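Novice: My questions all concern the structure below.
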Amino acid sequence: MENKQSVKLIDSNGVIYASYRELALKLHTQRGRCSNGIKKNGYYKTLSGITVKPYNQGENEGENVDALIKERNTQREAWQYKKTIKKLVDEVAMLRERQGLVDGLSNVEIEPIIAPKGKVNSFEGDNTAIALFSDVHYSNRIEPSVVNYLNEYNPAIAEKRCDNFFIRLCELIGEEQCHRTVSTCVLGVLGDLQNGWLREEAMQTNYCSPLSEMVRVKAILLRGLLYMEKHLDVEKIKVICTLSNHSRNTTKVQYANAPETNYEYIIFKDIQENAKLYGLHKCEIYVPESIVGFLDVYDKRLAFLHGHNTRYYGGIGGIFIPLNKFFANLNNREHIDIMCIAHYHQLIFSKNIIVNGSICGIDHYAYAANLPYEPAQQALFFISEKYGATKKMPIFVE
């Protein structure tokens, strides 16, 4: 076996070394590191940049180690260059494809949208606005401390909220008329404008008696109708007024003579019979003696009622289970498409049932019953001659 010391080596300058020892002495390097590097890689490069490899007689004769290294580096650079060129060619092809798509889209002839003159969406035909007004409870006393400062209510606040209802109702209908034709407004006055003496505590806490309350409620309703006459640009204003429970003057509900025992019925009949004297020329006022009133809007039949004759005893499903049952029974007896109801002080819009909110907002009864908080608001929706019930929205009155 050949001695490791007798192995000949040659560096990149062409100098031949007889052994690792001679290499280590002349180039000031470590013999072990040099031998390990040559065994592992076939060459060893010193710190000074000199490359050393084994010297084989004939094979390395006249060979320039630097030239071999340079050639190898050149081959590596050529391979990297080809790889870069291929990547660039692929990117150019992809960009050309994208540009082709862009050019294709840019060459499409696009005609601008031209809105028709006059009312936008006039193809819907005529529209009717349906607003609900109920549950004012004018003389109800709601002290902030009793409802944990969620609400406050007195006659001054009641009148302000009622005025806000009529003002914002006209504004919202006017905004809708910027886009489509609205020729008629239906106002469902669904009762409980008075708080009355329905409960014993009301006799102690109300701000005024039911007879005094009648005068103020009539003034509020009449003032609102006159505002609609002046500020609504519609052909007709249809007002349908229904009986409620808080305005009765009996302890229990009397069905056979409900109109004769109801304070609000007197108010409604007075406004109906003297509408022209009051200046209500566009208003058509309907005061049914039944607890349910009906009105046709295009091909839809609407039912209006206060809702105190529906029965809800709590439980899963909330008020929708009794209301859906009531709607189904009423629909079987007298076909209706939409039922408008009040009484529950909750604003709810569904496909066939509209439940109105309240003017008074949360009171001591609702707070003690742990009912959810709801701001004072009323219902407004529109019926299209072509599509039926369309836009539905609240009217906030605070």
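Labels for the structure tokens follow display order: chains A, B, ..., residues from 1 in each chain, ligands from 1.
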Go through range 119-144 of chain A residue by residue and, counting only C-alpha atoms, keep those with an atom at most 10 Å from range 243-259 of chain A; for each kept residue give the shortest atom pair and its distance in Å to one decimal, ordered by chain and increasing number, as JSON lines.
Specialist:
```
{"residue": "A:Ser134", "atom": "CA", "partner": "A:Ser244", "partner_atom": "CA", "distance": 9.5}
{"residue": "A:Asp135", "atom": "CA", "partner": "A:His246", "partner_atom": "CA", "distance": 9.2}
{"residue": "A:His137", "atom": "CA", "partner": "A:His246", "partner_atom": "CA", "distance": 8.2}
```
Novice: Emit the selected residues as a CSV table (one decimal), in the first residue's frame, including all heavy atoms.
Specialist:
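File selection_5.csv, as written:
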```csv
chain,number,residue,atom,x,y,z
A,134,SER,N,-100.4,53.6,15.5
A,134,SER,CA,-101.1,53.0,16.6
A,134,SER,C,-100.3,53.1,17.9
A,134,SER,O,-99.1,53.5,17.8
A,134,SER,CB,-101.4,51.5,16.3
A,134,SER,OG,-100.2,50.7,16.3
A,135,ASP,N,-100.9,52.7,19.0
A,135,ASP,CA,-100.3,52.5,20.3
A,135,ASP,C,-99.5,53.8,20.7
A,135,ASP,O,-98.4,53.7,21.1
A,135,ASP,CB,-99.3,51.3,20.2
A,135,ASP,CG,-100.1,50.0,20.0
A,135,ASP,OD1,-100.8,49.5,20.9
A,135,ASP,OD2,-100.0,49.5,18.8
A,137,HIS,N,-100.9,55.7,23.2
A,137,HIS,CA,-101.1,55.7,24.7
A,137,HIS,C,-100.8,57.1,25.3
A,137,HIS,O,-99.9,57.3,26.1
A,137,HIS,CB,-100.3,54.6,25.4
A,137,HIS,CG,-100.6,53.2,24.9
A,137,HIS,ND1,-101.6,52.5,25.5
A,137,HIS,CD2,-100.1,52.4,24.0
A,137,HIS,CE1,-101.7,51.3,24.9
A,137,HIS,NE2,-100.8,51.2,24.0
```
Novice: Which of range 40-284 of chain A counts as alpha helix (DSSP H) under DSSP, as a ChimeraX atom specification please?
Specialist: /A:40-41,65-106,155-177,200-205,210-231,263-273,275-278
Novice: Those residues you just picked out, can you put them in a file as a CSV table (one decimal), in the first residue's frame with C-alpha atoms?
Specialist:
```csv
chain,number,residue,atom,x,y,z
A,40,LYS,CA,-13.8,13.9,-0.1
A,41,ASN,CA,-13.9,16.3,-3.1
A,65,VAL,CA,-6.3,23.4,-13.2
A,66,ASP,CA,-7.6,27.0,-13.4
A,67,ALA,CA,-8.8,26.4,-16.9
A,68,LEU,CA,-10.8,23.4,-15.8
A,69,ILE,CA,-12.4,25.3,-13.0
A,70,LYS,CA,-13.2,28.2,-15.3
A,71,GLU,CA,-14.7,25.8,-17.9
A,72,ARG,CA,-16.8,24.2,-15.2
A,73,ASN,CA,-18.0,27.6,-14.0
A,74,THR,CA,-18.8,28.6,-17.6
A,75,GLN,CA,-20.9,25.5,-18.0
A,76,ARG,CA,-22.8,26.3,-14.8
A,77,GLU,CA,-23.4,29.9,-15.9
A,78,ALA,CA,-24.6,28.7,-19.3
A,79,TRP,CA,-27.1,26.4,-17.6
A,80,GLN,CA,-28.4,29.2,-15.4
A,81,TYR,CA,-28.7,31.4,-18.4
A,82,LYS,CA,-30.8,28.9,-20.4
A,83,LYS,CA,-33.0,28.4,-17.3
A,84,THR,CA,-33.5,32.2,-17.0
A,85,ILE,CA,-34.3,32.5,-20.7
A,86,LYS,CA,-36.9,29.7,-20.5
A,87,LYS,CA,-38.5,31.4,-17.5
A,88,LEU,CA,-38.7,34.7,-19.3
A,89,VAL,CA,-40.1,33.1,-22.5
A,90,ASP,CA,-42.9,31.5,-20.4
A,91,GLU,CA,-43.7,34.8,-18.7
A,92,VAL,CA,-43.8,36.6,-22.0
A,93,ALA,CA,-46.2,34.0,-23.4
A,94,MET,CA,-48.4,34.3,-20.3
A,95,LEU,CA,-48.4,38.1,-20.7
A,96,ARG,CA,-49.3,37.9,-24.3
A,97,GLU,CA,-52.2,35.6,-23.5
A,98,ARG,CA,-53.5,38.1,-20.9
A,99,GLN,CA,-53.0,41.0,-23.2
A,100,GLY,CA,-55.0,39.1,-25.8
A,101,LEU,CA,-57.9,38.7,-23.3
A,102,VAL,CA,-57.7,42.4,-22.4
A,103,ASP,CA,-57.7,43.4,-26.1
A,104,GLY,CA,-60.6,41.1,-26.7
A,105,LEU,CA,-62.6,42.8,-23.9
A,106,SER,CA,-61.6,46.3,-24.9
A,155,PRO,CA,-98.1,64.1,26.8
A,156,ALA,CA,-95.5,66.6,25.4
A,157,ILE,CA,-93.3,63.7,24.2
A,158,ALA,CA,-96.3,61.9,22.8
A,159,GLU,CA,-97.3,64.9,20.7
A,160,LYS,CA,-93.7,65.4,19.5
A,161,ARG,CA,-93.4,61.7,18.4
A,162,CYS,CA,-96.8,61.8,16.6
A,163,ASP,CA,-95.8,64.9,14.7
A,164,ASN,CA,-92.5,63.2,13.8
A,165,PHE,CA,-94.4,60.2,12.5
A,166,PHE,CA,-96.4,62.3,10.0
A,167,ILE,CA,-93.4,64.4,9.0
A,168,ARG,CA,-91.1,61.5,8.3
A,169,LEU,CA,-93.9,59.5,6.6
A,170,CYS,CA,-94.3,62.3,4.0
A,171,GLU,CA,-90.5,62.5,3.6
A,172,LEU,CA,-90.1,58.8,3.0
A,173,ILE,CA,-93.0,58.6,0.5
A,174,GLY,CA,-91.5,61.7,-1.3
A,175,GLU,CA,-88.1,60.0,-1.5
A,176,GLU,CA,-89.8,56.9,-3.0
A,177,GLN,CA,-91.6,59.0,-5.5
A,200,GLU,CA,-106.7,50.2,37.8
A,201,GLU,CA,-103.2,51.6,38.0
A,202,ALA,CA,-103.9,53.8,35.0
A,203,MET,CA,-106.6,55.7,37.0
A,204,GLN,CA,-103.8,56.6,39.4
A,205,THR,CA,-100.9,57.3,37.0
A,210,PRO,CA,-110.2,59.4,29.1
A,211,LEU,CA,-112.5,62.2,28.2
A,212,SER,CA,-109.8,64.8,28.3
A,213,GLU,CA,-107.5,62.4,26.5
A,214,MET,CA,-110.1,62.2,23.6
A,215,VAL,CA,-109.7,65.9,22.9
A,216,ARG,CA,-105.9,65.8,22.6
A,217,VAL,CA,-105.9,62.5,20.6
A,218,LYS,CA,-108.4,64.0,18.1
A,219,ALA,CA,-106.2,67.1,17.7
A,220,ILE,CA,-103.1,65.0,17.1
A,221,LEU,CA,-104.8,62.8,14.5
A,222,LEU,CA,-106.5,65.7,12.7
A,223,ARG,CA,-103.3,67.7,12.7
A,224,GLY,CA,-101.4,64.8,11.1
A,225,LEU,CA,-104.0,64.2,8.4
A,226,LEU,CA,-104.0,67.9,7.5
A,227,TYR,CA,-100.2,67.7,7.2
A,228,MET,CA,-100.5,64.7,4.9
A,229,GLU,CA,-103.1,66.6,2.8
A,230,LYS,CA,-100.6,69.5,2.3
A,231,HIS,CA,-97.3,67.7,2.0
A,263,TYR,CA,-114.0,56.5,23.0
A,264,GLU,CA,-111.8,56.4,19.9
A,265,TYR,CA,-114.8,55.3,17.7
A,266,ILE,CA,-116.4,58.6,18.5
A,267,ILE,CA,-113.2,60.4,17.4
A,268,PHE,CA,-113.0,58.5,14.2
A,269,LYS,CA,-116.7,59.0,13.3
A,270,ASP,CA,-116.5,62.7,14.0
A,271,ILE,CA,-113.5,63.1,11.7
A,272,GLN,CA,-115.2,60.9,9.0
A,273,GLU,CA,-118.5,62.9,9.0
A,275,ALA,CA,-113.8,65.6,6.9
A,276,LYS,CA,-114.6,68.4,4.4
A,277,LEU,CA,-115.2,70.9,7.2
A,278,TYR,CA,-111.8,70.1,8.6
```
Novice: I need the residue nearest Thr184 in chain A from this list: A:Asn107, A:Val297, A:Pro112, A:Ser358. Use only C-alpha atoms for the distance.
Specialist: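 Residue with the minimum atom-to-atom distance to Thr184 in chain A: A:Val297.
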Novice: To one decimal in Å, tell me the separation between CA of Asn309 in chain A and CA of Asn356 in chain A.
Specialist: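 Straight-line distance from CA of Asn309 in chain A to CA of Asn356 in chain A works out to 15.5 Å.
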Novice: For a quick check of understanding, using only C-alpha atoms, which of A:Asn195, A:Asn274, A:Gln377, A:Thr390 has the smallest distance to Lys351 in chain A?
Specialist: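 That would be A:Thr390, the residue with the smallest distance to Lys351 in chain A.
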Novice: Ala376 in chain A: which residues within 7 Å, counting only C-alpha atoms, same-chain residues fewer than 2 positions away excluded, as a list in words?
Specialist: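 The residues satisfying every condition are Gly357, Ser358, Ile359, Cys360, Gly361, Glu374, Phe396, Val397 and Glu398 of chain A.
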Novice: So, counting only C-alpha atoms, which residue among A:Thr128, A:Gly196, A:His364, A:Pro394 is closest to Glu152 in chain A?
Specialist: A:His364
